[in-house]
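Note: the block below is target.txt and it holds compact mmCIF, C-alpha atoms.
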# COMPACT_ATOMS: atom_id res chain seq x y z
CA MET A 214 -11.78 -20.08 -15.33
CA VAL A 215 -11.27 -16.33 -15.60
CA GLU A 216 -11.20 -16.34 -19.41
CA PRO A 217 -14.97 -16.11 -20.08
CA LEU A 218 -15.25 -13.22 -17.60
CA ASN A 219 -12.33 -11.34 -19.14
CA ARG A 220 -13.65 -11.95 -22.65
CA GLN A 221 -17.01 -10.47 -21.57
CA ARG A 222 -15.27 -7.48 -19.97
CA VAL A 223 -13.52 -6.74 -23.26
CA LEU A 224 -16.76 -7.15 -25.23
CA ASN A 225 -18.46 -4.75 -22.79
CA PHE A 226 -15.64 -2.28 -23.42
CA LEU A 227 -16.04 -2.61 -27.20
CA ASP A 228 -19.80 -2.08 -26.93
CA ALA A 229 -19.22 1.12 -24.96
CA PHE A 230 -16.48 2.43 -27.26
CA TYR A 231 -18.37 1.75 -30.49
CA SER A 232 -21.57 3.27 -29.09
CA ARG A 233 -19.50 6.43 -28.52
CA ASP A 234 -19.85 6.32 -24.74
CA VAL A 235 -16.34 7.42 -23.87
CA GLU A 236 -16.90 7.47 -20.12
CA ALA A 237 -18.35 3.95 -20.09
CA ALA A 238 -15.40 2.77 -22.20
CA LEU A 239 -12.91 4.45 -19.87
CA ALA A 240 -14.68 2.90 -16.86
CA CYS A 241 -13.58 -0.48 -18.25
CA CYS A 242 -9.93 0.67 -18.15
CA SER A 243 -7.40 1.14 -15.37
CA ASP A 244 -6.32 4.69 -14.51
CA ASP A 245 -2.91 4.11 -16.10
CA VAL A 246 -4.25 2.36 -19.21
CA ASP A 247 -1.56 2.14 -21.88
CA PHE A 248 -2.68 2.28 -25.53
CA LEU A 249 -0.50 1.66 -28.58
CA ALA A 250 -1.64 1.43 -32.19
CA ASN A 251 1.21 1.43 -34.67
CA ALA A 252 0.24 3.76 -37.49
CA PRO A 253 1.65 6.75 -39.36
CA ILE A 254 0.70 9.34 -36.75
CA ASP A 255 1.51 12.29 -39.03
CA ILE A 256 -1.47 11.13 -41.12
CA MET A 257 -3.57 9.73 -38.27
CA PRO A 258 -2.69 11.70 -35.14
CA HIS A 259 -5.52 10.04 -33.22
CA MET A 260 -3.52 6.81 -33.08
CA GLY A 261 -0.04 6.07 -31.75
CA HIS A 262 0.82 5.80 -28.08
CA ARG A 263 -1.20 7.18 -25.15
CA ARG A 264 -0.91 6.57 -21.43
CA GLY A 265 -3.54 7.31 -18.77
CA LYS A 266 -7.27 7.94 -18.97
CA ALA A 267 -6.99 11.65 -19.80
CA ALA A 268 -4.76 11.06 -22.81
CA VAL A 269 -6.88 8.15 -24.03
CA ARG A 270 -10.10 10.18 -23.57
CA GLU A 271 -8.61 12.98 -25.67
CA MET A 272 -7.58 10.53 -28.42
CA TRP A 273 -10.99 8.83 -28.55
CA SER A 274 -12.72 12.22 -28.60
CA VAL A 275 -10.82 12.99 -31.80
CA VAL A 276 -12.08 9.72 -33.29
CA TYR A 277 -15.69 10.60 -32.36
CA ALA A 278 -15.24 14.09 -33.82
CA ARG A 279 -13.99 12.77 -37.17
CA TYR A 280 -16.40 9.87 -37.57
CA SER A 281 -20.16 10.26 -37.20
CA SER A 282 -20.90 6.60 -36.55
CA LEU A 283 -18.90 3.57 -35.55
CA ARG A 284 -19.83 -0.07 -35.88
CA TYR A 285 -17.94 -3.29 -35.28
CA GLU A 286 -18.14 -7.03 -35.69
CA VAL A 287 -16.10 -9.58 -33.77
CA ALA A 288 -14.51 -12.08 -36.15
CA ALA A 289 -12.61 -14.05 -33.48
CA THR A 290 -11.60 -13.97 -29.84
CA VAL A 291 -8.94 -15.88 -27.95
CA ALA A 292 -8.56 -15.52 -24.19
CA GLU A 293 -5.97 -16.90 -21.82
CA ALA A 294 -5.56 -15.88 -18.17
CA ASP A 295 -5.44 -12.06 -18.02
CA LYS A 296 -5.13 -11.57 -21.80
CA VAL A 297 -7.79 -11.35 -24.49
CA ALA A 298 -7.21 -11.02 -28.24
CA VAL A 299 -10.01 -9.85 -30.51
CA HIS A 300 -10.12 -9.75 -34.30
CA ILE A 301 -12.38 -6.75 -34.91
CA ARG A 302 -13.94 -5.70 -38.20
CA ALA A 303 -14.52 -1.95 -37.79
CA PHE A 304 -16.70 0.41 -39.82
CA PHE A 305 -16.17 4.16 -39.29
CA ARG A 306 -18.38 6.63 -41.16
CA LYS A 307 -16.60 9.89 -42.01
CA ARG A 308 -18.39 12.95 -40.71
CA ASP A 309 -17.38 15.16 -43.66
CA ASN A 310 -18.65 13.00 -46.56
CA ASP A 311 -20.46 9.97 -45.05
CA ARG A 312 -18.05 7.52 -46.66
CA THR A 313 -17.31 4.44 -44.59
CA VAL A 314 -13.80 3.33 -43.75
CA GLN A 315 -13.76 -0.43 -43.17
CA PHE A 316 -10.73 -2.09 -41.62
CA ASP A 317 -9.72 -5.05 -39.49
CA ILE A 318 -7.97 -4.67 -36.16
CA ALA A 319 -6.01 -7.24 -34.19
CA ALA A 320 -6.53 -5.93 -30.66
CA PHE A 321 -4.71 -7.38 -27.66
CA TYR A 322 -5.97 -6.51 -24.20
CA THR A 323 -4.24 -7.15 -20.88
CA LEU A 324 -6.48 -6.93 -17.83
CA ARG A 325 -5.52 -6.11 -14.26
CA GLY A 326 -8.01 -6.22 -11.41
CA GLY A 327 -10.86 -6.71 -13.87
CA ARG A 328 -9.98 -3.61 -15.90
CA ILE A 329 -8.14 -3.16 -19.17
CA ALA A 330 -4.60 -1.99 -18.40
CA GLU A 331 -3.00 -2.36 -21.82
CA ILE A 332 -4.29 -2.17 -25.40
CA ARG A 333 -2.13 -3.05 -28.40
CA GLU A 334 -3.53 -2.86 -31.92
CA ILE A 335 -2.16 -4.02 -35.26
CA MET A 336 -3.93 -3.31 -38.53
CA ASP A 337 -3.40 -3.15 -42.27
CA THR A 338 -2.26 0.46 -42.01
CA PHE A 339 -1.47 0.93 -45.71
CA ASP A 340 -5.05 0.10 -46.68
CA LEU A 341 -6.36 2.25 -43.84
CA VAL A 342 -4.33 5.26 -45.01
CA GLN A 343 -5.64 4.80 -48.55
CA GLN A 344 -9.23 4.73 -47.29
CA VAL A 345 -8.76 7.71 -45.00
CA LEU A 346 -7.13 9.79 -47.74
CA GLU A 347 -9.37 8.30 -50.47
CA ARG A 348 -6.31 7.86 -52.65
CA ASP A 349 -4.86 4.83 -54.38
CA VAL A 350 -1.41 5.32 -52.93
CA ALA A 351 -0.17 1.99 -54.34
CA ALA A 352 -1.08 3.12 -57.86
CA GLU A 353 0.53 6.52 -57.29
CA LEU A 354 3.75 4.87 -56.15
CA ALA A 355 3.65 2.53 -59.16
CA GLU A 356 3.08 5.44 -61.57
CA THR A 357 6.03 7.33 -60.22
CA GLY A 358 8.16 4.23 -60.53
CA LYS A 359 8.87 4.20 -56.85
CA ILE A 360 7.99 0.56 -56.33
CA MET B 91 0.06 -32.53 -21.61
CA THR B 92 -0.23 -32.44 -25.40
CA GLU B 93 1.68 -29.75 -27.25
CA HIS B 94 -0.58 -27.04 -28.70
CA SER B 95 -1.02 -27.23 -32.48
CA LEU B 96 0.37 -23.70 -32.82
CA TRP B 97 3.87 -24.76 -31.81
CA ARG B 98 4.07 -27.58 -34.35
CA PHE B 99 2.68 -25.31 -37.05
CA SER B 100 5.06 -22.46 -36.17
CA ARG B 101 8.14 -24.71 -36.30
CA ALA B 102 7.07 -26.23 -39.60
CA LEU B 103 6.29 -22.81 -41.11
CA HIS B 104 9.71 -21.44 -40.25
CA ARG B 105 11.39 -24.59 -41.61
CA ALA B 106 9.41 -24.15 -44.82
CA ILE B 107 10.38 -20.49 -45.19
CA ASN B 108 14.04 -20.74 -44.22
CA GLU B 109 14.97 -24.25 -45.36
CA ARG B 110 12.35 -24.78 -48.07
CA ARG B 111 11.26 -27.99 -46.37
CA PHE B 112 7.55 -28.23 -47.08
CA GLU B 113 6.80 -31.85 -46.15
CA ASP B 114 6.16 -31.10 -42.46
CA ILE B 115 3.88 -28.14 -43.04
CA GLU B 116 1.81 -29.97 -45.64
CA ALA B 117 0.76 -32.46 -43.00
CA LEU B 118 -0.32 -29.68 -40.65
CA ILE B 119 -2.70 -27.89 -43.02
CA ASP B 120 -6.34 -28.88 -43.46
CA ASP B 121 -7.54 -29.66 -47.00
CA GLU B 122 -10.05 -26.78 -46.79
CA VAL B 123 -7.83 -24.25 -45.03
CA ASP B 124 -8.94 -20.62 -45.18
CA TRP B 125 -5.86 -18.35 -45.22
CA ALA B 126 -5.54 -14.56 -45.43
CA ILE B 127 -2.69 -12.11 -44.90
CA TYR B 128 -4.09 -8.59 -45.12
CA GLY B 129 -2.00 -6.21 -47.21
CA PRO B 130 -1.35 -4.63 -50.62
CA ILE B 131 -1.30 -7.62 -52.97
CA ASP B 132 -0.25 -5.50 -55.96
CA MET B 133 3.03 -4.77 -54.18
CA PHE B 134 3.40 -8.10 -52.40
CA PRO B 135 1.66 -10.86 -54.39
CA PHE B 136 2.16 -13.39 -51.60
CA LEU B 137 -0.26 -11.43 -49.41
CA GLY B 138 -4.02 -11.82 -49.73
CA ALA B 139 -6.44 -14.72 -49.42
CA ARG B 140 -5.93 -18.38 -50.35
CA ARG B 141 -8.25 -21.36 -50.01
CA GLY B 142 -7.22 -25.00 -49.79
CA ARG B 143 -3.97 -26.73 -48.89
CA GLU B 144 -2.45 -26.62 -52.37
CA ALA B 145 -2.91 -22.84 -52.69
CA VAL B 146 -1.53 -22.26 -49.21
CA ILE B 147 1.57 -24.40 -49.80
CA GLU B 148 2.14 -22.46 -53.00
CA VAL B 149 1.92 -19.13 -51.21
CA ILE B 150 4.31 -20.35 -48.50
CA ARG B 151 6.72 -21.22 -51.35
CA GLN B 152 6.34 -17.67 -52.66
CA ILE B 153 7.02 -16.24 -49.19
CA ALA B 154 10.13 -18.47 -48.95
CA GLU B 155 11.33 -17.09 -52.28
CA ASN B 156 10.97 -13.52 -51.03
CA VAL B 157 12.10 -13.45 -47.40
CA ARG B 158 14.23 -15.17 -44.82
CA VAL B 159 13.33 -15.13 -41.13
CA HIS B 160 16.22 -14.08 -38.92
CA ARG B 161 14.40 -13.76 -35.67
CA PHE B 162 10.93 -13.44 -34.23
CA ASP B 163 9.78 -12.43 -30.78
CA ARG B 164 6.29 -13.13 -29.48
CA GLU B 165 5.18 -10.00 -27.66
CA SER B 166 1.88 -11.54 -26.65
CA ILE B 167 0.33 -14.98 -27.05
CA MET B 168 -2.99 -16.54 -26.17
CA LEU B 169 -3.81 -20.20 -26.63
CA GLY B 170 -7.35 -21.51 -26.72
CA GLU B 171 -8.40 -25.14 -27.05
CA GLU B 172 -8.14 -25.19 -30.85
CA SER B 173 -7.31 -21.56 -31.45
CA ALA B 174 -4.38 -19.25 -30.93
CA SER B 175 -3.47 -15.61 -31.32
CA SER B 176 -0.08 -13.95 -31.16
CA MET B 177 1.43 -10.54 -31.65
CA LEU B 178 4.96 -10.84 -32.98
CA ARG B 179 7.90 -8.82 -34.17
CA TYR B 180 9.80 -10.36 -37.07
CA SER B 181 13.26 -9.56 -38.36
CA LEU B 182 13.40 -10.57 -42.02
CA THR B 183 15.68 -10.17 -44.99
CA ALA B 184 14.18 -9.40 -48.40
CA MET B 185 15.78 -11.88 -50.79
CA ASP B 186 15.83 -9.60 -53.84
CA SER B 187 17.47 -6.57 -52.21
CA ASN B 188 19.11 -8.17 -49.17
CA LYS B 189 17.46 -5.40 -47.12
CA PRO B 190 16.58 -6.05 -43.48
CA ILE B 191 12.88 -5.66 -42.69
CA SER B 192 11.39 -5.39 -39.22
CA LEU B 193 7.74 -6.31 -39.15
CA ARG B 194 4.95 -6.26 -36.57
CA ILE B 195 2.26 -8.83 -37.18
CA ALA B 196 -0.68 -10.43 -35.40
CA HIS B 197 -2.47 -13.63 -36.21
CA PHE B 198 -5.66 -15.45 -35.30
CA ALA B 199 -5.46 -19.17 -36.04
CA GLN B 200 -7.96 -22.01 -35.73
CA PHE B 201 -7.03 -25.67 -35.78
CA LYS B 202 -9.10 -28.77 -36.44
CA ALA B 203 -7.73 -32.18 -35.44
CA GLY B 204 -4.29 -30.60 -35.07
CA ARG B 205 -4.30 -29.05 -38.54
CA LEU B 206 -4.52 -25.39 -39.47
CA PHE B 207 -8.11 -24.71 -40.52
CA SER B 208 -8.19 -20.91 -40.65
CA ILE B 209 -5.71 -18.10 -40.21
CA ARG B 210 -5.97 -14.33 -40.43
CA VAL B 211 -2.74 -12.34 -40.32
CA LEU B 212 -2.66 -8.58 -39.84
CA VAL B 213 0.50 -6.65 -40.63
CA ASP B 214 1.51 -3.06 -39.99
CA THR B 215 1.67 -2.63 -43.76
CA PHE B 216 2.40 1.10 -44.03
CA ASP B 217 5.64 0.50 -42.16
CA LEU B 218 6.31 -2.56 -44.37
CA VAL B 219 5.84 -0.55 -47.59
CA GLU B 220 8.11 2.25 -46.37
CA GLN B 221 10.81 -0.26 -45.50
CA ALA B 222 10.47 -1.96 -48.89
CA LEU B 223 10.72 1.45 -50.60
CA GLY B 224 13.64 2.42 -48.42
CA ARG B 225 12.17 5.84 -47.67
CA PRO B 226 9.15 7.48 -46.05
CA ILE B 227 5.92 7.94 -48.01
CA HIS B 228 5.01 11.63 -47.98
CA LEU B 229 1.28 12.18 -47.66
CA PRO B 230 -0.84 15.10 -46.43
CA LYS B 231 -1.43 15.35 -42.74
CA MET B 232 -4.91 14.41 -41.59
CA ALA B 233 -5.09 17.63 -39.63
CA SER B 234 -5.25 19.53 -42.92
CA LEU B 235 -8.00 17.25 -44.22
CA ALA B 236 -10.28 17.25 -41.23

Show me, as structure tokens, the structure contained in the file I just sent.
Amino acid sequence: MVEPLNRQRVLNFLDAFYSRDVEAALACCSDDVDFLANAPIDIMPHMGHRRGKAAVREMWSVVYARYSSLRYEVAATVAEADKVAVHIRAFFRKRDNDRTVQFDIAAFYTLRGGRIAEIREIMDTFDLVQQVLERDVAAELAETGKI
Amino acid sequence: MTEHSLWRFSRALHRAINERRFEDIEALIDDEVDWAIYGPIDMFPFLGARRGREAVIEVIRQIAENVRVHRFDRESIMLGEESASSMLRYSLTAMDSNKPISLRIAHFAQFKAGRLFSIRVLVDTFDLVEQALGRPIHLPKMASLA
């Protein structure tokens, strides 16, 4: 049964990432780690698609620069063979005004040789954008009659 | 080998949405089911949280009134003993506008005695809203806010 081991590897990775230890987080990943989080990258350039440790390090460094503290809770995990899915509840505190952005992430990890080789994330991006911008975009769209 | 509960539930859900046949799915939902699809409920009232079989059947009816499923592809799937998670791409048609909508979703489901007991569905909602609007949403770049 490789599933408990892979689940623990992913949890170790999350502990490292959310404690802002970028090198420990990257040590859990393969050299060619492939990251994809669908999101409007013109608003959140620290998401999108990255390939390789250098690109991923750069992206995560932007996250650490913008948010002064990160915290997470695991709502659910499912593991099968070399894949692990985690429902993460994330809390990012903004460095500029201390407000916390809270959002859920469906994160899918594929492991190869005991390291994370692929990360795919899906989240409620509309809500995330509203929290990041601190604007009620839905209300603005409704007011302008665009929905 | 017994079929995983996810497959029965998935078939019944798609029959309910596309054919409005709800009898199969009713039998596959626990009385106390905890259901949530994360997203802007003021724009899409069939998103959000529901509790109990009756409320969930009602919301599936609302989904069936709003969309048709043309195709779905599972990009990733994990099956646990009484749990499952998938990442999927859906091709839908919005019933009111006849517009095609392509949607990326993920779900985490838990089953009890073969019935759905809990489900959390995450959707790439910014993309969904833009598709429903039929145009991009123009917002300031984060770079200018940081």

Next item on the list: Could you check which of A:Val297, A:Leu341, A:Val314, A:Arg308 is closest to Met177 of chain B, using only C-alpha atoms?
Entry: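 Residue with the minimum atom-to-atom distance to Met177 of chain B: A:Val297.
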
Note to self: Counting all atoms listed in the file, which residues sit no farther than 6 Å from the position (-11.7, 9.6, -19.1) in the file's frame? I'd like them as a ChimeraX atom specification.
What the structure shows: /A:236,239,266-267,270

Next item on the list: Name all residues at most 9 Å from Met336 of chain A (count only C-alpha atoms; drop same-chain ones fewer than 6 positions away) and give them as an MDAnalysis selection string.
Entry: (chainID A and resid 250:252 316:320) or (chainID B and resid 128 195:196 212:215)

Notebook entry, point to check: If you count only C-alpha atoms, which residues fall within 12 Å of Thr92 of chain B, apart from same-chain ones fewer than 6 positions away, as a ChimeraX atom specification?
Noted result: /B:98,171,204

Item checked: Selection near segment 198-202 of chain B, 10 Å with all atoms listed in the file, sequence-local residues under 3 positions removed, as number ranges by chain -> A: 288-291, 298-300, 319; B: 94-96, 99, 118-120, 123-125, 168-177, 205-212

Check: Could you state the separation of atom CA of Phe321 of chain A and atom CA of Ala184 of chain B in Å, given to one decimal place?
Finding: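 Result for atom CA of Phe321 of chain A versus atom CA of Ala184 of chain B: 28.1 Å, one decimal.
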
Item checked: For atom CA of Ile150 of chain B and atom CA of Ile107 of chain B, the interatomic separation in Å (one decimal) -> 6.9 Å

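In terms of minimum interatomic distance to chain B, A:Ala292 ranks closest within A:Ala292, A:Ala229, A:Ile332, A:Cys241, counting all atoms listed in the file.
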
Check: Taking only C-alpha atoms into account, which of B:His197, B:Glu155, B:Arg141, B:Asp121 comes nearest Ser100 of chain B?
Finding: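 Answer, going by the shortest atom-to-atom distance: B:His197.
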
Checklist line | 10 Å contact set for Met133 of chain B, only C-alpha atoms, chain neighbours under 6 positions out, as number ranges by chain | finding: A: 351-352, 354-355, 360; B: 219, 222

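Checking A:Glu271, A:Asp255, A:Glu331, A:Asp311 one by one against chain B, counting all atoms listed in the file, you find the shortest gap at A:Asp255.
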
Next item on the list: In Å, rounded to a single decimal, give me how far atom CA of Met257 of chain A is from atom CA of Asp217 of chain B.
Entry: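 So the answer is 13.6 Å.
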
Note to self: Counting all atoms listed in the file, which residue out of A:Thr323, A:Ser281, A:Thr338, A:Ser232 sits closest to Met260 of chain A?
What the structure shows: A:Thr338

Next item on the list: Point out the residue among A:Arg328, A:Lys296, A:Arg222, A:Arg312 with the least atom-to-atom distance to chain B, counting all atoms listed in the file.
Entry: A:Lys296

Next item on the list: Could you give me, as an MDAnalysis selection string, the residues that have an atom at most 12 Å away from the point (-21.8, -11.1, -36.9) in the coordinates of the file, using only C-alpha atoms?
Entry: chainID A and resid 284:289 301:303

Next item on the list: Write out as number ranges by chain each polymer residue whose atoms come within 10 Å of Ser282 of chain A, counting all atoms listed in the file; drop sequence neighbours fewer than 3 positions from it.
Entry: A: 231-233, 276-279, 304-308, 311, 313
